[in-house]
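input31.txt (compact mmCIF, C-alpha atoms) appears below.
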```txt
# COMPACT_ATOMS: atom_id res chain seq x y z
CA MET A 1 95.84 67.45 195.77
CA LYS A 2 92.48 69.08 196.49
CA ALA A 3 89.41 66.94 197.08
CA SER A 4 86.59 66.49 194.61
CA GLN A 5 83.51 68.67 194.99
CA SER A 6 81.38 65.92 196.55
CA VAL A 7 83.89 65.67 199.42
CA ILE A 8 84.45 69.42 199.77
CA ASP A 9 80.71 70.17 199.98
CA ILE A 10 80.37 67.98 203.09
CA TRP A 11 83.67 69.13 204.63
CA ARG A 12 82.56 72.79 204.37
CA ARG A 13 79.64 72.06 206.69
CA PHE A 14 82.24 71.93 209.48
CA ASP A 15 84.09 75.17 208.64
CA ASP A 16 82.83 76.91 211.76
CA PHE A 17 83.42 73.94 214.09
CA PRO A 18 86.28 74.31 216.57
CA MET A 19 88.15 71.33 217.91
CA GLU A 20 87.79 71.52 221.67
CA THR A 21 88.14 69.41 224.79
CA LEU A 22 85.77 71.62 226.78
CA THR A 23 82.60 69.75 225.93
CA LYS A 24 83.83 66.48 227.39
CA ALA A 25 84.66 68.20 230.70
CA TRP A 26 81.24 69.87 230.76
CA TYR A 27 79.48 66.65 229.74
CA SER A 28 81.38 64.66 232.38
CA GLN A 29 79.22 66.38 234.98
CA ILE A 30 76.02 65.18 233.33
CA ALA A 31 74.70 61.80 234.43
CA SER A 32 75.34 59.37 231.59
CA VAL A 33 76.69 55.85 231.33
CA ASN A 34 78.27 56.56 227.95
CA LYS A 35 80.57 59.56 227.65
CA GLN A 36 81.10 59.28 223.90
CA ARG A 37 78.10 61.14 222.53
CA THR A 38 76.03 60.00 219.58
CA VAL A 39 75.84 62.18 216.48
CA ASP A 40 72.24 63.11 217.33
CA LEU A 41 73.30 64.30 220.78
CA MET A 42 76.27 66.21 219.36
CA LYS A 43 73.92 67.97 216.96
CA LEU A 44 71.55 68.85 219.79
CA HIS A 45 74.36 70.25 221.94
CA ARG A 46 75.66 72.31 219.04
CA GLU A 47 72.25 73.82 218.42
CA GLU A 48 71.76 74.64 222.11
CA TYR A 49 75.29 75.57 223.23
CA GLY A 50 77.48 75.98 220.14
CA THR A 51 79.72 73.07 221.16
CA SER A 52 81.46 70.71 218.75
CA GLY A 53 83.90 68.31 220.45
CA ASN A 54 87.31 66.69 220.36
CA CYS A 55 88.91 64.81 217.47
CA PHE A 56 86.83 61.68 218.14
CA ASP A 57 83.55 63.60 218.20
CA LEU A 58 84.45 65.36 214.96
CA ALA A 59 85.58 62.17 213.22
CA ILE A 60 82.43 60.28 214.20
CA TRP A 61 80.25 63.17 213.06
CA LEU A 62 82.13 63.65 209.76
CA ILE A 63 81.97 59.95 208.92
CA ASN A 64 78.23 60.03 209.53
CA GLU A 65 77.81 62.99 207.16
CA PHE A 66 79.84 61.32 204.42
CA ARG A 67 77.92 58.07 204.69
CA GLU A 68 74.57 59.85 204.65
CA ASN A 69 75.70 61.30 201.33
CA LYS A 70 76.66 57.88 199.91
CA LEU A 71 80.44 58.24 200.29
CA GLN A 72 82.56 55.55 201.93
CA ALA A 73 84.45 56.82 204.97
CA TYR A 74 86.32 55.35 207.92
CA ALA A 75 88.58 56.41 210.78
CA VAL A 76 92.38 56.14 210.93
CA PHE A 77 94.56 56.49 214.02
CA THR A 78 97.96 57.93 214.85
CA PRO A 79 100.23 56.28 217.44
CA HIS A 80 99.40 59.12 219.82
CA PHE A 81 95.65 58.53 220.04
CA HIS A 82 94.62 61.11 217.45
CA VAL A 83 91.97 60.22 214.88
CA ALA A 84 91.24 61.45 211.38
CA VAL A 85 88.98 60.28 208.54
CA VAL A 86 89.66 58.79 205.13
CA VAL A 87 86.90 59.31 202.56
CA ILE A 88 86.61 57.72 199.13
CA ASP A 89 85.07 59.95 196.47
CA ASP A 90 82.79 59.02 193.57
CA GLU A 91 85.78 58.09 191.40
CA GLY A 92 87.36 55.84 194.05
CA TYR A 93 90.15 58.18 195.19
CA LYS A 94 91.05 58.56 198.86
CA TYR A 95 91.43 61.78 200.85
CA LEU A 96 92.59 62.43 204.39
CA CYS A 97 90.20 64.63 206.38
CA ASP A 98 91.48 65.92 209.72
CA LEU A 99 89.01 68.15 211.54
CA GLY A 100 90.68 67.33 214.85
CA ASP A 101 93.81 69.23 213.83
CA GLN A 102 91.69 71.85 212.03
CA TRP A 103 93.03 71.32 208.52
CA VAL A 104 91.81 73.86 205.97
CA GLN A 105 90.64 71.15 203.57
CA PRO A 106 91.02 67.41 202.85
CA ILE A 107 94.09 66.24 200.94
CA LEU A 108 94.58 63.57 198.31
CA ILE A 109 96.46 60.52 199.61
CA ASP A 110 95.97 58.23 196.60
CA ARG A 111 99.28 57.71 194.79
CA GLU A 112 97.45 56.52 191.66
CA HIS A 113 95.95 59.98 191.04
CA GLU A 114 97.81 62.11 188.50
CA GLU A 115 97.77 65.14 190.82
CA TYR A 116 99.33 63.33 193.78
CA THR A 117 102.68 64.75 194.89
CA GLU A 118 105.07 64.35 197.79
CA GLU A 119 106.39 67.90 197.48
CA PHE A 120 105.48 70.64 199.98
CA VAL A 121 102.09 72.22 199.22
CA GLU A 122 100.18 75.20 200.63
CA GLY A 123 96.55 75.81 201.47
CA PHE A 124 95.83 72.62 203.39
CA PHE A 125 96.93 73.48 206.94
CA PRO A 126 96.71 76.88 208.69
CA GLY A 127 100.04 78.63 208.98
CA ALA A 128 102.12 75.81 207.51
CA GLN A 129 103.11 74.01 204.34
CA ILE A 130 102.64 70.25 204.39
CA LYS A 131 104.24 67.30 202.62
CA LEU A 132 103.04 63.70 202.46
CA THR A 133 105.16 60.56 202.48
CA THR A 134 103.56 57.14 202.11
CA GLN A 135 105.23 54.02 203.50
CA LEU A 136 103.17 50.84 203.08
CA GLU A 137 100.19 51.35 205.40
CA ASN A 138 101.62 54.49 207.03
CA LEU A 139 101.16 58.09 205.94
CA ILE A 140 103.66 60.61 207.28
CA VAL A 141 102.65 64.27 207.24
CA THR A 142 105.45 66.83 207.53
CA TYR A 143 104.48 70.33 208.63
CA ARG A 144 106.80 73.25 207.81
CA ARG A 145 106.15 76.52 209.65
CA PRO A 146 107.05 80.02 208.38
CA SER A 147 110.14 79.90 210.66
CA GLY A 148 111.35 76.83 208.80
CA LYS A 149 110.70 74.51 211.74
CA GLU A 150 109.39 71.11 210.73
CA SER A 151 107.40 68.48 212.61
CA ASN A 152 105.90 65.12 211.63
CA GLN A 153 102.77 63.12 212.28
CA SER A 154 102.17 59.51 211.27
CA PHE A 155 98.81 57.92 210.39
CA ASN A 156 98.20 54.19 210.18
CA LEU A 157 95.94 53.96 207.11
CA THR A 158 94.43 50.63 208.16
CA PRO A 159 90.67 51.28 208.48
CA VAL A 160 89.39 51.41 212.05
CA SER A 161 86.07 49.65 212.60
CA ASP A 162 83.11 51.60 213.95
CA SER A 163 83.16 49.62 217.18
CA GLU A 164 86.88 50.32 217.69
CA LEU A 165 86.29 54.01 217.01
CA ILE A 166 83.48 54.27 219.56
CA ALA A 167 85.49 52.34 222.16
CA ALA A 168 88.51 54.60 221.68
CA GLY A 169 86.26 57.65 221.81
CA GLU A 170 84.74 56.46 225.07
CA LYS A 171 88.22 56.16 226.55
CA THR A 172 89.35 59.63 225.51
CA GLN A 173 86.12 61.28 226.69
CA ARG A 174 86.90 60.08 230.21
CA ASN A 175 90.44 61.49 230.10
CA ILE A 176 90.08 64.98 231.59
CA THR A 177 93.62 66.37 231.65
CA SER A 178 93.90 69.87 230.15
CA PRO A 179 91.65 72.25 228.19
CA LEU A 180 92.39 72.79 224.53
CA VAL A 181 90.58 74.78 221.85
CA GLU A 182 91.54 75.22 218.19
CA LYS A 183 89.58 77.22 215.63
CA ARG A 184 90.19 78.08 211.98
CA LEU A 185 89.98 81.78 211.17
CA PHE A 186 88.78 82.49 207.64
CA MET A 187 90.48 85.73 206.58
CA ASP A 188 90.43 87.62 203.28
CA ASP A 189 93.77 86.26 202.07
CA GLN A 190 94.31 83.08 204.08
CA VAL A 191 92.96 80.70 206.72
CA GLY A 192 94.57 81.31 210.08
CA HIS A 193 94.37 79.37 213.31
CA TRP A 194 93.40 80.43 216.81
CA GLY A 195 94.55 78.24 219.68
CA PHE A 196 94.04 78.05 223.44
CA ASP A 197 96.40 75.74 225.31
CA ASN A 198 97.59 75.76 228.92
CA TYR A 199 95.99 79.17 229.52
CA LYS A 200 97.77 80.84 226.65
CA SER A 201 96.16 81.82 223.36
CA PHE A 202 97.67 82.65 220.00
CA ILE A 203 96.90 83.25 216.34
CA SER A 204 98.91 81.47 213.65
CA ARG A 205 99.15 83.01 210.18
CA ASN A 206 101.26 82.37 207.11
CA THR A 207 103.72 84.91 208.50
CA GLY A 208 104.08 83.27 211.91
CA ARG A 209 102.50 83.07 215.36
CA GLU A 210 101.21 85.98 217.47
CA ILE A 211 100.76 85.45 221.22
CA GLU A 212 97.66 87.19 222.62
CA ASP A 213 97.55 89.20 225.85
CA GLN A 214 97.53 87.06 228.98
CA LEU A 215 94.35 86.96 231.09
CA SER A 216 94.04 86.70 234.86
CA GLY A 217 91.26 84.22 235.65
CA ILE A 218 89.03 81.52 234.20
CA GLU A 219 86.11 83.97 233.91
CA GLU A 220 88.14 86.15 231.53
CA TRP A 221 89.34 83.09 229.65
CA ALA A 222 85.78 81.79 229.33
CA ASN A 223 84.75 85.09 227.76
CA ARG A 224 87.60 85.08 225.22
CA ILE A 225 87.12 81.42 224.33
CA SER A 226 83.38 81.90 223.92
CA ARG A 227 83.83 84.91 221.65
CA VAL A 228 86.24 83.11 219.33
CA SER A 229 84.75 79.62 219.36
CA GLY A 230 81.04 80.41 219.54
CA ILE A 231 80.55 78.06 222.50
CA ASN A 232 78.14 79.22 225.20
CA GLU A 233 80.16 81.11 227.82
CA ALA A 234 78.51 79.31 230.74
CA VAL A 235 79.46 75.95 229.23
CA VAL A 236 83.05 77.12 228.74
CA LEU A 237 83.27 78.39 232.30
CA ARG A 238 81.86 75.16 233.71
CA ALA A 239 84.38 73.14 231.70
CA LEU A 240 87.29 75.27 232.90
CA GLU A 241 86.11 74.81 236.49
CA VAL A 242 86.19 71.03 235.98
CA TYR A 243 89.73 71.21 234.59
CA SER A 244 90.90 73.46 237.43
CA ARG A 245 90.07 70.89 240.09
```

Can I see the file as structure tokens?
Amino acid sequence: MKASQSVIDIWRRFDDFPMETLTKAWYSQIASVNKQRTVDLMKLHREEYGTSGNCFDLAIWLINEFRENKLQAYAVFTPHFHVAVVVIDDEGYKYLCDLGDQWVQPILIDREHEEYTEEFVEGFFPGAQIKLTTQLENLIVTYRRPSGKESNQSFNLTPVSDSELIAAGEKTQRNITSPLVEKRLFMDDQVGHWGFDNYKSFISRNTGREIEDQLSGIEEWANRISRVSGINEAVVLRALEVYSR
């Protein structure tokens, strides 16, 4: 179920990228007609401030990297306005790539491949086993946590055009509702997951979830988020101030 090396090599360029909705809050305060940033601007912001972006930023950037390396790639949507990427490798097989949900690695979704399975597998999502189910143009991903709890997510595998992707990205960049940060943690024996949501933070491992100590103000939260994510602390603080309004 693992991707071919040509896909993995490009995916690994994003290993240190968090998924975060802080940048769009920070960028909302900068005069610009378009809120969905170009790849060049995303690269510049990452170099200067350590930012990455939300699921739309990451999908747009990842597609660009695949195409620059001569691999076909396009976006796919869920019903809940989440976006991931499908890439086609040199042999014509398709893989789902979801940086927005911080997957550990891409996963084979091509039923014609001899290694394709719809059994639960490990090593693709931090702190959970996953199972795929294909139904016509829909892909259902089932996540099973160490506690045994299961949840599902559905992807419409119909390719999304570049113009549709940018338009949807523009819409989500203007939706400033709540701050969220997710970051993969590469440990000796596994890939964990650090999350910040609704002013709580936690680490998910193969053994379960650990809630971190609560903090008292956005300055303390900005420091913790910056240390884990690598985003400039002043940018994080500014974003949290925007969200707190």

Per residue of range 30-138 of chain A within 12 Å of range 193-210 of chain A, what are the shortest atom pair and its distance in Å to one decimal, counting only C-alpha atoms, with rows by chain and residue number, as CSV?
```
residue,atom,partner,partner_atom,distance
A:Asp101,CA,A:His193,CA,10.2
A:Gln102,CA,A:His193,CA,8.1
A:Trp103,CA,A:His193,CA,9.5
A:Val104,CA,A:His193,CA,9.5
A:Glu122,CA,A:Asn206,CA,9.7
A:Gly123,CA,A:Asn206,CA,9.9
A:Phe124,CA,A:Asn206,CA,11.8
A:Phe125,CA,A:His193,CA,9.0
A:Pro126,CA,A:His193,CA,5.7
A:Gly127,CA,A:Asn206,CA,4.4
A:Ala128,CA,A:Asn206,CA,6.6
A:Gln129,CA,A:Asn206,CA,9.0
```

For the atom pair CA of Ile63 in chain A and CA of Ala167 in chain A, what is the interatomic distance in Å to one decimal place?
15.7 Å

Determine the nearest neighbour of Val242 in chain A from the options A:Gln190, A:Ser4, A:Thr23, A:Asn54, counting all atoms listed in the file.
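For Val242 in chain A, the nearest of the candidates is A:Thr23.
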
I'd like the interatomic distance between CA of Asp188 in chain A and CA of Pro18 in chain A, to a tenth of an Å.
19.3 Å

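One finds CA of Ser161 in chain A at 19.9 Å from CA of Ile109 in chain A.
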
What lies within 9 Å of Ile8 in chain A using all atoms listed in the file, ignoring chain neighbours under 5 positions off, as JSON, numbers by chain?
{"A": [2, 3, 13, 105, 106]}

Within 9 Å of range 158-160 of chain A using all atoms listed in the file, minus same-chain residues under 6 positions, as a PyMOL selection string
chain A and resi 74-77+86+137-138

Pick out the closest residue to Phe81 in chain A from this set: A:Ser229, A:Gln5, A:Asn152, A:Thr172. Count all atoms listed in the file.
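Nearest candidate to Phe81 in chain A out of A:Ser229, A:Gln5, A:Asn152, A:Thr172: A:Thr172.
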
Some atoms are missing, so please complete range 52-63 of chain A with all heavy atoms and return it as a PDB file, in the frame of the given file.
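File produced: selection.pdb:
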```
ATOM      1  N   SER A  52      81.151  71.636 219.839  1.00  0.00           N
ATOM      2  CA  SER A  52      81.460  70.710 218.750  1.00  0.00           C
ATOM      3  C   SER A  52      82.049  69.430 219.349  1.00  0.00           C
ATOM      4  O   SER A  52      81.371  68.430 219.465  1.00  0.00           O
ATOM      5  CB  SER A  52      82.392  71.335 217.722  1.00  0.00           C
ATOM      6  OG  SER A  52      83.547  71.868 218.338  1.00  0.00           O
ATOM      7  N   GLY A  53      83.332  69.472 219.779  1.00  0.00           N
ATOM      8  CA  GLY A  53      83.900  68.310 220.450  1.00  0.00           C
ATOM      9  C   GLY A  53      85.363  68.109 220.107  1.00  0.00           C
ATOM     10  O   GLY A  53      85.983  68.914 219.414  1.00  0.00           O
ATOM     11  N   ASN A  54      85.896  66.996 220.608  1.00  0.00           N
ATOM     12  CA  ASN A  54      87.310  66.690 220.360  1.00  0.00           C
ATOM     13  C   ASN A  54      87.468  65.943 219.038  1.00  0.00           C
ATOM     14  O   ASN A  54      86.513  65.804 218.271  1.00  0.00           O
ATOM     15  CB  ASN A  54      87.914  65.920 221.546  1.00  0.00           C
ATOM     16  CG  ASN A  54      87.331  64.520 221.690  1.00  0.00           C
ATOM     17  OD1 ASN A  54      86.497  64.071 220.901  1.00  0.00           O
ATOM     18  ND2 ASN A  54      87.774  63.804 222.696  1.00  0.00           N
ATOM     19  N   CYS A  55      88.663  65.430 218.766  1.00  0.00           N
ATOM     20  CA  CYS A  55      88.910  64.810 217.470  1.00  0.00           C
ATOM     21  C   CYS A  55      88.033  63.579 217.241  1.00  0.00           C
ATOM     22  O   CYS A  55      87.645  63.291 216.101  1.00  0.00           O
ATOM     23  CB  CYS A  55      90.389  64.475 217.294  1.00  0.00           C
ATOM     24  SG  CYS A  55      91.071  63.288 218.479  1.00  0.00           S
ATOM     25  N   PHE A  56      87.693  62.852 218.305  1.00  0.00           N
ATOM     26  CA  PHE A  56      86.830  61.680 218.140  1.00  0.00           C
ATOM     27  C   PHE A  56      85.399  62.094 217.819  1.00  0.00           C
ATOM     28  O   PHE A  56      84.762  61.503 216.942  1.00  0.00           O
ATOM     29  CB  PHE A  56      86.894  60.799 219.390  1.00  0.00           C
ATOM     30  CG  PHE A  56      88.134  59.959 219.442  1.00  0.00           C
ATOM     31  CD1 PHE A  56      89.305  60.449 219.991  1.00  0.00           C
ATOM     32  CD2 PHE A  56      88.152  58.682 218.907  1.00  0.00           C
ATOM     33  CE1 PHE A  56      90.459  59.684 220.021  1.00  0.00           C
ATOM     34  CE2 PHE A  56      89.291  57.899 218.924  1.00  0.00           C
ATOM     35  CZ  PHE A  56      90.455  58.410 219.481  1.00  0.00           C
ATOM     36  N   ASP A  57      84.889  63.090 218.521  1.00  0.00           N
ATOM     37  CA  ASP A  57      83.550  63.600 218.200  1.00  0.00           C
ATOM     38  C   ASP A  57      83.482  64.026 216.739  1.00  0.00           C
ATOM     39  O   ASP A  57      82.551  63.672 216.008  1.00  0.00           O
ATOM     40  CB  ASP A  57      83.228  64.815 219.075  1.00  0.00           C
ATOM     41  CG  ASP A  57      83.080  64.482 220.547  1.00  0.00           C
ATOM     42  OD1 ASP A  57      82.428  63.477 220.864  1.00  0.00           O
ATOM     43  OD2 ASP A  57      83.611  65.234 221.380  1.00  0.00           O
ATOM     44  N   LEU A  58      84.467  64.814 216.313  1.00  0.00           N
ATOM     45  CA  LEU A  58      84.450  65.360 214.960  1.00  0.00           C
ATOM     46  C   LEU A  58      84.589  64.272 213.904  1.00  0.00           C
ATOM     47  O   LEU A  58      83.939  64.324 212.853  1.00  0.00           O
ATOM     48  CB  LEU A  58      85.559  66.402 214.809  1.00  0.00           C
ATOM     49  CG  LEU A  58      85.377  67.668 215.666  1.00  0.00           C
ATOM     50  CD1 LEU A  58      86.633  68.529 215.604  1.00  0.00           C
ATOM     51  CD2 LEU A  58      84.166  68.471 215.207  1.00  0.00           C
ATOM     52  N   ALA A  59      85.422  63.267 214.175  1.00  0.00           N
ATOM     53  CA  ALA A  59      85.580  62.170 213.220  1.00  0.00           C
ATOM     54  C   ALA A  59      84.291  61.372 213.087  1.00  0.00           C
ATOM     55  O   ALA A  59      83.852  61.038 211.974  1.00  0.00           O
ATOM     56  CB  ALA A  59      86.733  61.269 213.652  1.00  0.00           C
ATOM     57  N   ILE A  60      83.677  61.044 214.206  1.00  0.00           N
ATOM     58  CA  ILE A  60      82.430  60.280 214.200  1.00  0.00           C
ATOM     59  C   ILE A  60      81.344  61.036 213.440  1.00  0.00           C
ATOM     60  O   ILE A  60      80.603  60.473 212.619  1.00  0.00           O
ATOM     61  CB  ILE A  60      81.987  59.957 215.637  1.00  0.00           C
ATOM     62  CG1 ILE A  60      82.955  58.948 216.267  1.00  0.00           C
ATOM     63  CG2 ILE A  60      80.558  59.435 215.679  1.00  0.00           C
ATOM     64  CD1 ILE A  60      82.801  58.795 217.764  1.00  0.00           C
ATOM     65  N   TRP A  61      81.256  62.333 213.702  1.00  0.00           N
ATOM     66  CA  TRP A  61      80.250  63.170 213.060  1.00  0.00           C
ATOM     67  C   TRP A  61      80.514  63.280 211.554  1.00  0.00           C
ATOM     68  O   TRP A  61      79.602  63.152 210.725  1.00  0.00           O
ATOM     69  CB  TRP A  61      80.269  64.548 213.711  1.00  0.00           C
ATOM     70  CG  TRP A  61      79.075  65.405 213.458  1.00  0.00           C
ATOM     71  CD1 TRP A  61      78.184  65.327 212.417  1.00  0.00           C
ATOM     72  CD2 TRP A  61      78.625  66.505 214.264  1.00  0.00           C
ATOM     73  NE1 TRP A  61      77.220  66.308 212.521  1.00  0.00           N
ATOM     74  CE2 TRP A  61      77.472  67.033 213.636  1.00  0.00           C
ATOM     75  CE3 TRP A  61      79.106  67.094 215.437  1.00  0.00           C
ATOM     76  CZ2 TRP A  61      76.790  68.144 214.159  1.00  0.00           C
ATOM     77  CZ3 TRP A  61      78.427  68.189 215.949  1.00  0.00           C
ATOM     78  CH2 TRP A  61      77.280  68.703 215.331  1.00  0.00           C
ATOM     79  N   LEU A  62      81.776  63.506 211.175  1.00  0.00           N
ATOM     80  CA  LEU A  62      82.130  63.650 209.760  1.00  0.00           C
ATOM     81  C   LEU A  62      81.868  62.364 208.993  1.00  0.00           C
ATOM     82  O   LEU A  62      81.330  62.393 207.869  1.00  0.00           O
ATOM     83  CB  LEU A  62      83.590  64.064 209.635  1.00  0.00           C
ATOM     84  CG  LEU A  62      84.122  64.304 208.222  1.00  0.00           C
ATOM     85  CD1 LEU A  62      83.345  65.403 207.507  1.00  0.00           C
ATOM     86  CD2 LEU A  62      85.609  64.639 208.260  1.00  0.00           C
ATOM     87  N   ILE A  63      82.232  61.232 209.570  1.00  0.00           N
ATOM     88  CA  ILE A  63      81.970  59.950 208.920  1.00  0.00           C
ATOM     89  C   ILE A  63      80.474  59.777 208.669  1.00  0.00           C
ATOM     90  O   ILE A  63      80.035  59.331 207.601  1.00  0.00           O
ATOM     91  CB  ILE A  63      82.517  58.779 209.775  1.00  0.00           C
ATOM     92  CG1 ILE A  63      84.045  58.760 209.722  1.00  0.00           C
ATOM     93  CG2 ILE A  63      81.955  57.437 209.305  1.00  0.00           C
ATOM     94  CD1 ILE A  63      84.685  57.796 210.709  1.00  0.00           C
TER      95      ILE A  63
END
```
